[in-house]
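Here the structure is laid out as structure tokens; the discussion comes afterwards.
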Amino acid sequence: MKLNWKSNLFLFVSILTYLVSLILLVHLLNFNFVEYYSGESKAEYLGIAYLILGYITISELPIDFICWLGNFTLLFSWIFYKKKIGLILGIIAVIQMSLYGINHLTRINILQIHEYDLPLFGYWIWLFSSIFVLIHHYKKYKLKSQTL
């Protein structure tokens, strides 16, 4: 199976930005695994650590877990990039991943974050990966509807 680089550009950019987000530092505060593994209430970890340890948030912080599940929703959106379910999964991934940013920008405390002054560079790159896959699916279906 050969992938067309031009027609799948946003899909490739999505995967690339996701991989970049895994090597960037993410500031996430007051999670139990941060306290458990570092002995501190504040820590900086690479995005890959959050990907690996995010499942821990299922019992104490269910909204944080929903954000973490965005990783898998995004993965399935990439896998099903030729099917309509990929578009639906892309929309769900953007919603799941946006919860963290909405909480951070509005400071409504739906997540267990109490310091909002730290930059979230890794988070924004992570969020853009889901936006890029959504753009890919939108362009694909818009082009498909124009050819019908």
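Every chain in the structure tokens has a letter given in the order shown (A, B, ...), and although residue numbers restart at 1 in each chain, ligands are simply numbered from 1 in the order shown.
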Fewer than 3 positions away in the same chain doesn't count, so skip those; otherwise give me all residues within 12 Å of Asn8 in chain A, counting only C-alpha atoms, as number ranges by chain. A: 2-5, 11-15, 78, 81-82, 132-140
Residues near range 47-61 of chain A, cut-off 7 Å, only C-alpha atoms, skip fewer than 6 positions along chain, as a ChimeraX atom specification: /A:21-26,68,122
What's the separation between CA of Thr17 in chain A and CA of Pro62 in chain A, in Å to one decimal place?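 So the two atoms, CA of Thr17 in chain A and CA of Pro62 in chain A, lie 25.8 Å apart.
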CA of Gly90 in chain A to CA of Ser130 in chain A, straight-line distance in Å: 6.5 Å
Counting only C-alpha atoms, figure out which residue out of A:Leu75, A:Cys67, A:Leu89, A:Leu143 gets nearest to Gly101 in chain A.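 The closest residue to Gly101 in chain A is A:Cys67.
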Close residues, Leu127 in chain A itself excluded, 7 Å, only C-alpha atoms, min 4 positions apart in chain, as number ranges by chain: A: 94, 97-98, 123, 131
Can you write out the residues you just picked, keeping N, CA, C and O atoms, as a CSV table (one decimal), in the first residue's frame?
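Result saved to part_30.csv:
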```
chain,number,residue,atom,x,y,z
A,94,VAL,N,-9.9,15.6,19.4
A,94,VAL,CA,-9.7,17.1,19.6
A,94,VAL,C,-10.5,17.5,20.9
A,94,VAL,O,-10.0,18.2,21.7
A,97,MET,N,-8.6,16.0,24.0
A,97,MET,CA,-7.3,16.7,24.2
A,97,MET,C,-7.5,18.2,24.6
A,97,MET,O,-6.7,18.8,25.3
A,98,SER,N,-8.6,18.8,24.2
A,98,SER,CA,-8.9,20.2,24.5
A,98,SER,C,-9.3,20.4,25.9
A,98,SER,O,-9.1,21.5,26.5
A,123,TYR,N,2.0,20.3,25.6
A,123,TYR,CA,0.6,20.1,25.5
A,123,TYR,C,0.1,20.7,24.1
A,123,TYR,O,-0.7,20.1,23.4
A,131,ILE,N,-5.5,18.3,15.9
A,131,ILE,CA,-6.1,19.3,15.0
A,131,ILE,C,-5.7,19.0,13.5
A,131,ILE,O,-6.5,19.1,12.6
```
Take CA of Gly86 in chain A and CA of Phe72 in chain A and report the distance between them in Å, one decimal. 12.1 Å
Can you list every residue in range 52-122 of chain A that DSSP puts in helix (DSSP H, G or I), as an MDAnalysis selection string? chainID A and resid 52:58 62:79 84:106 121:122
